file my_file31.cif (mmCIF, C-alpha atoms)
data_data
loop_
_atom_site.label_atom_id
_atom_site.label_comp_id
_atom_site.auth_asym_id
_atom_site.auth_seq_id
_atom_site.Cartn_x
_atom_site.Cartn_y
_atom_site.Cartn_z
CA MET B 1 1.41 32.14 33.92
CA ARG B 2 -1.16 33.51 31.55
CA ASN B 3 1.17 32.98 28.60
CA ILE B 4 1.69 29.36 29.49
CA LEU B 5 -2.03 28.78 29.73
CA PHE B 6 -2.59 30.44 26.39
CA PHE B 7 0.19 28.47 24.76
CA SER B 8 -1.08 25.15 26.05
CA LEU B 9 -4.57 25.97 24.85
CA ILE B 10 -3.23 26.62 21.36
CA CYS B 11 -1.30 23.36 21.44
CA LEU B 12 -4.44 21.48 22.44
CA PHE B 13 -6.39 23.15 19.67
CA LEU B 14 -3.77 22.31 17.05
CA THR B 15 -3.41 18.67 18.01
CA SER B 16 -7.17 18.18 17.95
CA CYS B 17 -7.27 19.50 14.41
CA VAL B 18 -4.61 17.19 12.97
CA GLU B 19 -6.36 14.70 10.75
CA ARG B 20 -4.87 11.69 9.06
CA GLN B 21 -3.72 12.27 5.52
CA PRO B 22 -5.40 9.93 3.01
CA LEU B 23 -3.26 7.01 1.85
CA LYS B 24 -1.65 8.01 -1.42
CA ILE B 25 -1.56 5.83 -4.51
CA LEU B 26 2.05 4.67 -4.55
CA ASN B 27 2.15 3.53 -8.18
CA ARG B 28 3.78 5.69 -10.80
CA GLY B 29 1.25 8.10 -12.31
CA GLU B 30 0.99 9.96 -15.58
CA GLU B 31 -1.28 12.80 -16.57
CA VAL B 32 -3.59 11.84 -19.44
CA ASN B 33 -6.07 14.47 -20.66
CA GLY B 34 -5.72 16.36 -17.39
CA LYS B 35 -6.38 13.26 -15.26
CA MET B 36 -3.82 11.28 -13.27
CA VAL B 37 -3.61 7.69 -14.45
CA HIS B 38 -1.61 5.28 -12.27
CA GLU B 39 -0.04 1.95 -13.12
CA ARG B 40 -2.01 -1.02 -11.79
CA ILE B 41 -1.46 -4.63 -10.82
CA ARG B 42 -1.53 -6.65 -14.06
CA ASP B 43 -4.02 -9.42 -14.91
CA PHE B 44 -3.09 -12.73 -13.31
CA SER B 45 -4.30 -16.27 -12.87
CA PHE B 46 -2.92 -18.59 -10.20
CA THR B 47 -4.06 -21.70 -8.31
CA ASN B 48 -4.61 -21.74 -4.54
CA GLN B 49 -4.30 -24.43 -1.84
CA ASP B 50 -7.79 -25.76 -2.67
CA SER B 51 -6.94 -26.07 -6.42
CA VAL B 52 -9.23 -23.10 -7.06
CA GLU B 53 -8.26 -20.51 -9.64
CA VAL B 54 -7.37 -17.12 -8.16
CA THR B 55 -7.55 -14.09 -10.47
CA ASN B 56 -8.07 -10.36 -10.20
CA LYS B 57 -11.78 -11.19 -10.01
CA THR B 58 -11.19 -12.99 -6.70
CA PHE B 59 -10.34 -9.57 -5.30
CA ALA B 60 -12.95 -7.51 -7.18
CA GLY B 61 -14.53 -5.05 -4.78
CA LYS B 62 -12.08 -6.10 -2.05
CA ILE B 63 -8.88 -4.71 -0.71
CA TYR B 64 -6.10 -7.25 -0.30
CA VAL B 65 -2.66 -7.88 1.15
CA SER B 66 -0.02 -9.56 -0.99
CA ASN B 67 3.39 -11.07 -0.25
CA ASN B 68 5.87 -13.71 -1.46
CA PHE B 69 7.08 -16.82 0.37
CA PHE B 70 7.91 -20.50 -0.09
CA THR B 71 7.19 -23.36 2.28
CA THR B 72 10.80 -24.50 2.75
CA CYS B 73 12.15 -20.97 3.25
CA PRO B 74 14.50 -21.08 6.23
CA SER B 75 15.02 -17.35 6.77
CA ILE B 76 12.38 -14.61 6.84
CA CYS B 77 9.22 -16.48 5.79
CA PRO B 78 8.09 -17.92 9.14
CA THR B 79 8.27 -14.49 10.78
CA THR B 80 6.43 -12.91 7.86
CA SER B 81 3.79 -15.66 8.01
CA LEU B 82 3.37 -15.03 11.75
CA HIS B 83 2.53 -11.39 11.10
CA MET B 84 0.37 -12.19 8.04
CA GLY B 85 -1.43 -14.48 10.52
CA ARG B 86 -2.06 -11.51 12.81
CA ILE B 87 -3.67 -9.65 9.89
CA TYR B 88 -5.74 -12.76 9.05
CA ASP B 89 -7.01 -13.04 12.62
CA LYS B 90 -7.79 -9.35 12.92
CA PHE B 91 -9.84 -9.13 9.70
CA LEU B 92 -11.21 -12.69 9.76
CA GLU B 93 -14.84 -11.54 9.98
CA ASP B 94 -14.46 -8.72 7.45
CA ASP B 95 -15.00 -10.14 3.96
CA ARG B 96 -13.84 -6.89 2.33
CA VAL B 97 -10.24 -7.85 3.22
CA ARG B 98 -8.48 -10.74 1.49
CA MET B 99 -4.92 -12.02 1.30
CA ILE B 100 -2.64 -13.68 -1.23
CA SER B 101 0.79 -15.25 -0.68
CA HIS B 102 2.67 -16.22 -3.84
CA SER B 103 4.94 -19.24 -3.52
CA ILE B 104 8.02 -18.39 -5.56
CA ASP B 105 9.28 -21.99 -5.43
CA VAL B 106 6.71 -23.41 -7.86
CA ARG B 107 8.64 -26.65 -8.43
CA THR B 108 8.50 -27.68 -4.77
CA ASP B 109 5.28 -26.07 -3.62
CA SER B 110 2.58 -28.12 -5.30
CA VAL B 111 -1.08 -27.71 -4.33
CA PRO B 112 -0.97 -30.53 -1.71
CA ILE B 113 2.10 -28.97 -0.08
CA LEU B 114 0.41 -25.57 -0.02
CA LYS B 115 -2.67 -27.25 1.48
CA ARG B 116 -0.61 -28.76 4.29
CA TYR B 117 1.10 -25.43 4.93
CA ALA B 118 -2.29 -23.67 5.05
CA GLU B 119 -3.56 -26.25 7.55
CA GLY B 120 -0.45 -25.66 9.63
CA LEU B 121 -1.05 -21.91 9.55
CA GLU B 122 -4.69 -22.64 10.51
CA ILE B 123 -6.00 -20.52 7.65
CA GLU B 124 -8.56 -20.96 4.86
CA ALA B 125 -9.23 -19.74 1.33
CA PRO B 126 -10.76 -17.58 -0.06
CA LYS B 127 -9.76 -15.33 2.84
CA TRP B 128 -6.05 -16.14 2.51
CA ASN B 129 -4.86 -17.75 -0.73
CA LEU B 130 -1.53 -19.52 -0.92
CA VAL B 131 -0.95 -19.68 -4.66
CA THR B 132 1.26 -21.39 -7.19
CA GLY B 133 1.33 -21.06 -10.96
CA ASN B 134 3.54 -20.40 -13.93
CA GLU B 135 7.02 -19.65 -12.60
CA GLU B 136 7.64 -16.78 -14.99
CA GLU B 137 4.29 -15.21 -14.10
CA ILE B 138 4.84 -15.57 -10.33
CA LEU B 139 8.35 -14.12 -10.38
CA SER B 140 7.48 -11.23 -12.70
CA ILE B 141 4.28 -10.12 -10.93
CA ALA B 142 6.42 -9.43 -7.85
CA TYR B 143 7.57 -6.25 -9.58
CA ASP B 144 3.97 -5.00 -9.75
CA TYR B 145 3.94 -5.30 -5.95
CA PHE B 146 7.24 -3.39 -5.65
CA SER B 147 8.81 -6.64 -4.44
CA ASN B 148 11.82 -8.67 -5.48
CA ALA B 149 11.70 -12.38 -6.16
CA LEU B 150 14.43 -14.18 -8.04
CA LYS B 151 16.25 -17.47 -8.18
CA ASP B 152 19.59 -17.30 -6.42
CA LYS B 153 21.61 -20.41 -5.64
CA THR B 154 23.58 -18.55 -2.96
CA ALA B 155 20.50 -17.44 -0.98
CA PRO B 156 19.13 -19.62 1.86
CA GLY B 157 16.65 -22.05 0.27
CA GLY B 158 17.66 -21.08 -3.28
CA PHE B 159 15.51 -17.98 -3.69
CA ASP B 160 16.10 -14.36 -2.93
CA HIS B 161 13.09 -12.30 -1.93
CA ASP B 162 12.10 -9.57 0.49
CA ASP B 163 9.69 -9.41 3.42
CA LEU B 164 7.32 -6.80 2.02
CA LEU B 165 3.58 -6.89 2.71
CA VAL B 166 1.68 -4.80 0.19
CA LEU B 167 -1.84 -3.36 0.51
CA ILE B 168 -3.87 -3.10 -2.72
CA ASP B 169 -7.10 -1.14 -3.04
CA THR B 170 -10.24 -1.95 -5.02
CA ASN B 171 -8.74 -0.33 -8.15
CA ARG B 172 -5.58 -2.50 -8.18
CA HIS B 173 -3.43 0.33 -6.82
CA ILE B 174 -0.83 0.00 -4.06
CA ARG B 175 -1.71 2.11 -1.00
CA SER B 176 0.63 0.92 1.75
CA ILE B 177 3.71 -1.24 2.27
CA CYS B 178 5.45 -2.63 5.34
CA HIS B 179 8.23 -4.98 6.37
CA GLY B 180 6.65 -8.29 7.38
CA THR B 181 9.45 -9.06 9.83
CA ASP B 182 9.05 -5.83 11.81
CA PRO B 183 6.18 -6.09 14.35
CA ALA B 184 5.85 -2.32 14.84
CA ASP B 185 5.77 -1.72 11.09
CA VAL B 186 3.04 -4.38 10.73
CA ASP B 187 1.04 -2.61 13.48
CA ARG B 188 1.17 0.59 11.45
CA PHE B 189 0.22 -1.38 8.32
CA MET B 190 -2.85 -2.82 10.05
CA LYS B 191 -3.97 0.72 10.93
CA ASP B 192 -3.55 1.60 7.24
CA ILE B 193 -5.82 -1.34 6.33
CA GLU B 194 -8.52 -0.02 8.69
CA TYR B 195 -8.09 3.45 7.30
CA LEU B 196 -8.28 2.26 3.69
CA LEU B 197 -11.44 0.29 4.50
CA LYS B 198 -13.08 3.47 5.77
CA SER B 199 -12.07 5.59 2.78
CA GLU B 200 -12.73 2.95 0.10
CA TYR B 201 -16.20 1.99 1.24
CA SER B 202 -17.49 5.39 2.35
CA GLN B 203 -17.08 6.82 -1.18
CA LYS B 204 -19.10 4.08 -2.76
CA LYS B 205 -22.18 4.34 -0.62
CA MET P 1 46.89 -5.15 54.62
CA ARG P 2 46.66 -8.88 54.12
CA GLN P 3 42.93 -8.81 54.75
CA TYR P 4 42.47 -6.18 52.08
CA LEU P 5 44.45 -8.22 49.59
CA LEU P 6 42.26 -11.24 50.32
CA LEU P 7 39.13 -9.16 49.85
CA ILE P 8 40.36 -7.82 46.53
CA ILE P 9 41.20 -11.31 45.30
CA LEU P 10 37.77 -12.56 46.38
CA PHE P 11 36.18 -9.66 44.54
CA PHE P 12 37.93 -10.54 41.29
CA ILE P 13 37.13 -14.22 41.61
CA SER P 14 33.44 -13.42 42.07
CA ILE P 15 33.52 -11.13 39.02
CA VAL P 16 35.03 -13.90 36.92
CA PHE P 17 32.30 -16.29 38.08
CA LEU P 18 29.51 -13.83 37.47
CA THR P 19 30.63 -12.91 33.96
CA ASP P 20 31.11 -16.59 33.19
CA CYS P 21 27.50 -17.31 34.14
CA LYS P 22 26.32 -14.46 31.97
CA ASN P 23 28.45 -15.62 29.07
CA SER P 24 27.10 -19.14 29.01
CA PHE P 25 23.62 -17.73 28.32
CA SER P 26 24.75 -15.00 25.93
CA ASP P 27 26.52 -17.59 23.77
CA GLY P 28 23.37 -19.70 23.79
CA LYS P 29 21.33 -16.63 22.93
CA TYR P 30 23.62 -15.89 19.99
CA LEU P 31 23.31 -19.47 18.72
CA TYR P 32 19.53 -19.32 19.14
CA GLU P 33 19.28 -16.04 17.24
CA THR P 34 21.49 -17.37 14.45
CA HIS P 35 20.00 -20.82 13.94
CA CYS P 36 16.56 -21.10 15.57
CA GLN P 37 14.86 -17.76 15.99
CA SER P 38 13.58 -17.23 12.45
CA CYS P 39 11.26 -20.24 12.82
CA HIS P 40 10.71 -20.60 16.58
CA MET P 41 10.43 -16.78 16.96
CA PRO P 42 12.26 -14.42 19.36
CA ASP P 43 9.88 -15.26 22.20
CA GLY P 44 9.83 -19.02 21.48
CA ILE P 45 6.13 -19.14 20.58
CA GLY P 46 6.59 -20.98 17.26
CA LEU P 47 4.27 -20.44 14.28
CA ARG P 48 0.59 -21.31 14.76
CA GLY P 49 0.02 -25.00 13.91
CA LEU P 50 3.15 -25.24 11.78
CA ILE P 51 6.17 -24.80 14.03
CA PRO P 52 5.85 -25.91 17.65
CA PRO P 53 6.59 -23.55 20.54
CA LEU P 54 9.68 -23.85 22.75
CA ALA P 55 8.26 -21.56 25.43
CA GLY P 56 6.34 -23.66 27.95
CA SER P 57 6.80 -26.78 25.80
CA ASP P 58 6.13 -30.14 27.47
CA TYR P 59 8.04 -31.85 24.64
CA LEU P 60 11.28 -30.21 25.78
CA LYS P 61 10.86 -31.65 29.27
CA ASN P 62 9.67 -35.11 28.24
CA ASN P 63 12.25 -35.61 25.49
CA TYR P 64 15.23 -34.05 27.21
CA GLU P 65 17.65 -36.76 26.04
CA LYS P 66 16.57 -36.50 22.39
CA LEU P 67 17.31 -32.77 22.14
CA PRO P 68 20.96 -33.02 20.97
CA CYS P 69 19.99 -35.41 18.13
CA ILE P 70 17.09 -33.18 17.06
CA ILE P 71 19.25 -30.05 17.05
CA LEU P 72 22.11 -31.64 15.08
CA LEU P 73 20.20 -33.93 12.71
CA GLY P 74 16.77 -32.35 12.44
CA VAL P 75 13.44 -34.12 12.83
CA GLU P 76 10.56 -35.27 10.63
CA GLY P 77 7.06 -36.63 11.03
CA GLU P 78 4.28 -35.93 13.48
CA MET P 79 5.14 -34.42 16.82
CA ILE P 80 2.74 -33.65 19.66
CA VAL P 81 3.58 -30.57 21.72
CA ASN P 82 1.27 -29.41 24.51
CA GLY P 83 -1.49 -31.62 23.09
CA LYS P 84 -1.29 -30.20 19.57
CA THR P 85 -0.01 -32.14 16.53
CA TYR P 86 2.68 -30.58 14.33
CA ASN P 87 4.03 -32.00 11.10
CA GLN P 88 6.60 -29.75 9.50
CA PRO P 89 10.12 -31.10 8.94
CA MET P 90 12.90 -29.29 10.78
CA ALA P 91 16.39 -29.09 9.32
CA GLY P 92 19.29 -29.94 11.63
CA ILE P 93 22.36 -27.81 12.24
CA PRO P 94 25.16 -30.34 11.67
CA GLU P 95 27.93 -27.75 11.88
CA LEU P 96 27.39 -27.23 15.62
CA GLY P 97 29.86 -28.73 18.09
CA THR P 98 28.77 -30.57 21.25
CA MET P 99 29.64 -27.53 23.37
CA ASP P 100 27.41 -25.33 21.17
CA VAL P 101 24.57 -27.82 21.50
CA ALA P 102 24.92 -27.76 25.29
CA LEU P 103 24.90 -23.94 25.33
CA LEU P 104 21.85 -23.88 23.10
CA ILE P 105 19.91 -26.40 25.22
CA ASN P 106 20.77 -24.49 28.41
CA TYR P 107 19.60 -21.26 26.86
CA ILE P 108 16.29 -22.71 25.59
CA ASN P 109 15.68 -24.53 28.88
CA HIS P 110 15.96 -21.28 30.83
CA GLN P 111 14.15 -18.76 28.66
CA TRP P 112 10.55 -17.58 28.45
CA GLY P 113 9.71 -19.01 31.85
CA ASN P 114 11.14 -22.45 30.99
CA ASP P 115 12.69 -24.17 33.97
CA GLY P 116 14.44 -27.20 32.53
CA LYS P 117 17.65 -29.09 33.27
CA TYR P 118 21.19 -27.89 32.76
CA THR P 119 23.36 -30.00 30.50
CA ASP P 120 27.05 -30.08 29.55
CA PHE P 121 29.03 -31.30 26.57
CA ARG P 122 29.72 -34.71 28.15
CA GLU P 123 26.03 -35.40 28.55
CA VAL P 124 25.38 -34.12 25.02
CA GLU P 125 28.05 -36.50 23.68
CA ALA P 126 26.48 -39.42 25.57
CA ASN P 127 23.00 -38.57 24.27
CA LEU P 128 24.31 -38.28 20.71
CA GLN P 129 25.27 -41.96 20.85
CA LYS P 130 21.54 -42.77 21.00
CA CYS P 131 20.51 -40.93 17.80
CA GLU P 132 18.19 -42.97 15.60
#
call {"tool": "encode", "arguments": {"input": "my_file31.cif", "output": "structure tokens"}}
result
Amino acid sequence: MRNILFFSLICLFLTSCVERQPLKILNRGEEVNGKMVHERIRDFSFTNQDSVEVTNKTFAGKIYVSNNFFTTCPSICPTTSLHMGRIYDKFLEDDRVRMISHSIDVRTDSVPILKRYAEGLEIEAPKWNLVTGNEEEILSIAYDYFSNALKDKTAPGGFDHDDLLVLIDTNRHIRSICHGTDPADVDRFMKDIEYLLKSEYSQKK
Amino acid sequence: MRQYLLLIILFFISIVFLTDCKNSFSDGKYLYETHCQSCHMPDGIGLRGLIPPLAGSDYLKNNYEKLPCIILLGVEGEMIVNGKTYNQPMAGIPELGTMDVALLINYINHQWGNDGKYTDFREVEANLQKCE
């Protein structure tokens, strides 16, 4: 009896001590002069649903969530948009969090079409930017976000891409990733956003 | 002995009926998951102001006869569902047969608290004559 009591006390003590590990920088790193230097999201310039230019500066001092989609995508996009919508609603009042969705079908998704899609999603820029731009630039920046986006005539809608949502910190580093079609994974991802907010903005004060 | 035999036969008949009932919905469920779910969502809630809901939808009830045409041929333009306006084109699924369409409508009409009509392939065929 005594042993059991003792054991359960130790368990209680241990669980109360477990603290969350900080979110690691997921980009490849290299040691330069004794300091770790990680790869970052490259410079970019796109146009959002309001015809406003969106660049790295749009996200300066913010953390943001990025993904790829296109408005006529018949497979995974609506589900991913639904869960991006949950993130939008949850952090609507918090201006430190922003979002960007790259349309990989730049020929179809003009600014007016993106505008209509944004109205349908009931979202607004600059909180959530649906962007278009140079096709080469849009498809190649996907790699910076650990995502795949390529033209593929055999894929539904003519493009092949994944359902990844990617969380970027204030230094253009990737800190968390989830599958945008998996509700439980998105729940975990939203906790990571809250956690990153705490760690990013407590250091700077 | 005879009574037992009768009971056993009755038992098997009821099993056949029960599994048949179950099958008609599981086929509809399969069709829904294959062709509809990625936009209308697993629980039929749709996508915000973009894709209308099927769960609790007044449009389903009020436009019962149009459903086969919409499923096979798709639909475009403004649509008002539960008082909200939607305007996103939906692609049809022309490869479905009339039986599939009936199974799909029966599934949608009896999921997520929906309590709509049952249809069969004859009625679907008749309604398909009225497509615009």
call {"tool": "residues_near_point", "arguments": {"input": "my_file31.cif", "point": "(19.6, -32.8, 15.4)", "cutoff": "9 Å", "atoms": "only C-alpha atoms", "output": "list in words"}}
result
Lys66, Leu67, Pro68, Cys69, Ile70, Ile71, Leu72, Leu73, Gly74, Val75, Met90, Ala91, Gly92, Ile93, Pro94, Leu128 and Cys131 of chain P
call {"tool": "resolve_selection", "arguments": {"input": "my_file31.cif", "expression": "the PyMOL selection byres ((chain B) within 6 of (chain P))", "output": "tab-separated table (two decimals) with C-alpha atoms, in the frame of the given file"}}
result
chain	number	residue	atom	x	y	z
B	75	SER	CA	15.02	-17.35	6.77
B	78	PRO	CA	8.09	-17.92	9.14
B	120	GLY	CA	-0.45	-25.66	9.63
B	121	LEU	CA	-1.05	-21.91	9.55
call {"tool": "residues_around", "arguments": {"input": "my_file31.cif", "residues": "range 173-175 of chain B", "least_positions_apart": "3", "cutoff": "10 Å", "atoms": "all atoms listed in the file", "output": "list of chain:residue names"}}
result
B:Pro22, B:Leu23, B:Lys24, B:Ile25, B:Leu26, B:Asn27, B:Arg28, B:His38, B:Glu39, B:Arg40, B:Ile41, B:Ile63, B:Tyr64, B:Val65, B:Asp144, B:Tyr145, B:Phe146, B:Val166, B:Leu167, B:Ile168, B:Asp169, B:Thr170, B:Asp192, B:Ile193, B:Leu196
call {"tool": "resolve_selection", "arguments": {"input": "my_file31.cif", "expression": "the PyMOL selection byres ((chain B and resi 105-117) around 6)", "output": "NGL selection string"}}
result
:B and (49 or 70 or 103-104 or 118-120 or 132)
call {"tool": "residues_around", "arguments": {"input": "my_file31.cif", "residues": "Ser147 in chain B", "least_positions_apart": "3", "cutoff": "12 Å", "atoms": "only C-alpha atoms", "output": "ChimeraX atom specification"}}
result
/B:66-69,102,104,138-144,150,160-166,174,177-179
call {"tool": "atom_distance", "arguments": {"input": "my_file31.cif", "atom1": "CA of Thr58 in chain B", "atom2": "CA of Ile100 in chain B"}}
result
10.2 Å
call {"tool": "residues_around", "arguments": {"input": "my_file31.cif", "residues": "Glu53 in chain B", "least_positions_apart": "3", "cutoff": "12 Å", "atoms": "all atoms listed in the file", "output": "list in words"}}
result
Phe44, Ser45, Phe46, Thr47, Asn48, Gln49, Asp50, Asn56, Lys57, Thr58, Phe59, Val111, Ala125, Pro126, Asn129, Leu130, Val131, Thr132 and Gly133 of chain B
call {"tool": "atom_distance", "arguments": {"input": "my_file31.cif", "atom1": "CA of Asn171 in chain B", "atom2": "CA of Asp43 in chain B"}}
result
12.3 Å
call {"tool": "resolve_selection", "arguments": {"input": "my_file31.cif", "expression": "the PyMOL selection byres ((chain P and resi 102-117) around 10)", "output": "ChimeraX atom specification"}}
result
/P:23-32,35-36,42-45,54-58,60-61,64,67-68,71,96-101,118-125
call {"tool": "build_atoms", "arguments": {"input": "my_file31.cif", "residues": "range 45-54 of chain P", "atoms": "all heavy atoms", "output": "PDB file, in the frame of the given file"}}
result
ATOM      1  N   ILE P  45       7.534 -18.723  20.680  1.00  0.00           N
ATOM      2  CA  ILE P  45       6.130 -19.140  20.580  1.00  0.00           C
ATOM      3  C   ILE P  45       5.848 -20.033  19.376  1.00  0.00           C
ATOM      4  O   ILE P  45       4.762 -20.580  19.254  1.00  0.00           O
ATOM      5  CB  ILE P  45       5.157 -17.932  20.542  1.00  0.00           C
ATOM      6  CG1 ILE P  45       5.514 -17.014  19.368  1.00  0.00           C
ATOM      7  CG2 ILE P  45       5.166 -17.167  21.852  1.00  0.00           C
ATOM      8  CD1 ILE P  45       4.447 -15.975  19.058  1.00  0.00           C
ATOM      9  N   GLY P  46       6.825 -20.163  18.445  1.00  0.00           N
ATOM     10  CA  GLY P  46       6.590 -20.980  17.260  1.00  0.00           C
ATOM     11  C   GLY P  46       5.681 -20.266  16.270  1.00  0.00           C
ATOM     12  O   GLY P  46       5.473 -19.062  16.371  1.00  0.00           O
ATOM     13  N   LEU P  47       5.140 -21.035  15.304  1.00  0.00           N
ATOM     14  CA  LEU P  47       4.270 -20.440  14.280  1.00  0.00           C
ATOM     15  C   LEU P  47       2.979 -21.235  14.167  1.00  0.00           C
ATOM     16  O   LEU P  47       2.943 -22.292  13.558  1.00  0.00           O
ATOM     17  CB  LEU P  47       5.008 -20.398  12.938  1.00  0.00           C
ATOM     18  CG  LEU P  47       4.216 -19.928  11.717  1.00  0.00           C
ATOM     19  CD1 LEU P  47       3.701 -18.511  11.907  1.00  0.00           C
ATOM     20  CD2 LEU P  47       5.085 -19.998  10.468  1.00  0.00           C
ATOM     21  N   ARG P  48       1.942 -20.744  14.820  1.00  0.00           N
ATOM     22  CA  ARG P  48       0.590 -21.310  14.760  1.00  0.00           C
ATOM     23  C   ARG P  48       0.637 -22.842  14.834  1.00  0.00           C
ATOM     24  O   ARG P  48       1.239 -23.364  15.773  1.00  0.00           O
ATOM     25  CB  ARG P  48      -0.096 -20.773  13.514  1.00  0.00           C
ATOM     26  CG  ARG P  48      -0.205 -19.235  13.566  1.00  0.00           C
ATOM     27  CD  ARG P  48      -0.627 -18.622  12.271  1.00  0.00           C
ATOM     28  NE  ARG P  48      -2.057 -18.667  12.105  1.00  0.00           N
ATOM     29  CZ  ARG P  48      -2.871 -17.632  12.335  1.00  0.00           C
ATOM     30  NH1 ARG P  48      -2.381 -16.492  12.765  1.00  0.00           N
ATOM     31  NH2 ARG P  48      -4.160 -17.741  12.144  1.00  0.00           N
ATOM     32  N   GLY P  49       0.013 -23.545  13.855  1.00  0.00           N
ATOM     33  CA  GLY P  49       0.020 -25.000  13.910  1.00  0.00           C
ATOM     34  C   GLY P  49       1.156 -25.614  13.103  1.00  0.00           C
ATOM     35  O   GLY P  49       1.156 -26.812  12.827  1.00  0.00           O
ATOM     36  N   LEU P  50       2.117 -24.784  12.699  1.00  0.00           N
ATOM     37  CA  LEU P  50       3.150 -25.240  11.780  1.00  0.00           C
ATOM     38  C   LEU P  50       4.453 -25.564  12.504  1.00  0.00           C
ATOM     39  O   LEU P  50       5.038 -26.628  12.316  1.00  0.00           O
ATOM     40  CB  LEU P  50       3.389 -24.135  10.740  1.00  0.00           C
ATOM     41  CG  LEU P  50       3.939 -24.527   9.396  1.00  0.00           C
ATOM     42  CD1 LEU P  50       2.986 -25.468   8.686  1.00  0.00           C
ATOM     43  CD2 LEU P  50       4.157 -23.288   8.546  1.00  0.00           C
ATOM     44  N   ILE P  51       4.902 -24.624  13.320  1.00  0.00           N
ATOM     45  CA  ILE P  51       6.170 -24.800  14.030  1.00  0.00           C
ATOM     46  C   ILE P  51       5.893 -24.759  15.534  1.00  0.00           C
ATOM     47  O   ILE P  51       5.349 -23.783  16.049  1.00  0.00           O
ATOM     48  CB  ILE P  51       7.163 -23.689  13.621  1.00  0.00           C
ATOM     49  CG1 ILE P  51       7.496 -23.824  12.128  1.00  0.00           C
ATOM     50  CG2 ILE P  51       8.428 -23.764  14.458  1.00  0.00           C
ATOM     51  CD1 ILE P  51       8.064 -22.591  11.501  1.00  0.00           C
ATOM     52  N   PRO P  52       6.232 -25.830  16.236  1.00  0.00           N
ATOM     53  CA  PRO P  52       5.850 -25.910  17.650  1.00  0.00           C
ATOM     54  C   PRO P  52       6.589 -24.881  18.520  1.00  0.00           C
ATOM     55  O   PRO P  52       7.689 -24.460  18.197  1.00  0.00           O
ATOM     56  CB  PRO P  52       6.257 -27.335  18.050  1.00  0.00           C
ATOM     57  CG  PRO P  52       7.253 -27.757  17.039  1.00  0.00           C
ATOM     58  CD  PRO P  52       6.928 -27.025  15.774  1.00  0.00           C
ATOM     59  N   PRO P  53       5.954 -24.503  19.636  1.00  0.00           N
ATOM     60  CA  PRO P  53       6.590 -23.550  20.540  1.00  0.00           C
ATOM     61  C   PRO P  53       7.711 -24.199  21.354  1.00  0.00           C
ATOM     62  O   PRO P  53       7.710 -25.417  21.558  1.00  0.00           O
ATOM     63  CB  PRO P  53       5.450 -23.136  21.480  1.00  0.00           C
ATOM     64  CG  PRO P  53       4.536 -24.308  21.495  1.00  0.00           C
ATOM     65  CD  PRO P  53       4.627 -24.926  20.128  1.00  0.00           C
ATOM     66  N   LEU P  54       8.671 -23.396  21.785  1.00  0.00           N
ATOM     67  CA  LEU P  54       9.680 -23.850  22.750  1.00  0.00           C
ATOM     68  C   LEU P  54       9.334 -23.318  24.134  1.00  0.00           C
ATOM     69  O   LEU P  54       9.634 -23.948  25.151  1.00  0.00           O
ATOM     70  CB  LEU P  54      11.061 -23.343  22.331  1.00  0.00           C
ATOM     71  CG  LEU P  54      11.565 -23.852  20.983  1.00  0.00           C
ATOM     72  CD1 LEU P  54      12.862 -23.145  20.597  1.00  0.00           C
ATOM     73  CD2 LEU P  54      11.771 -25.354  21.002  1.00  0.00           C
TER      74      LEU P  54
END
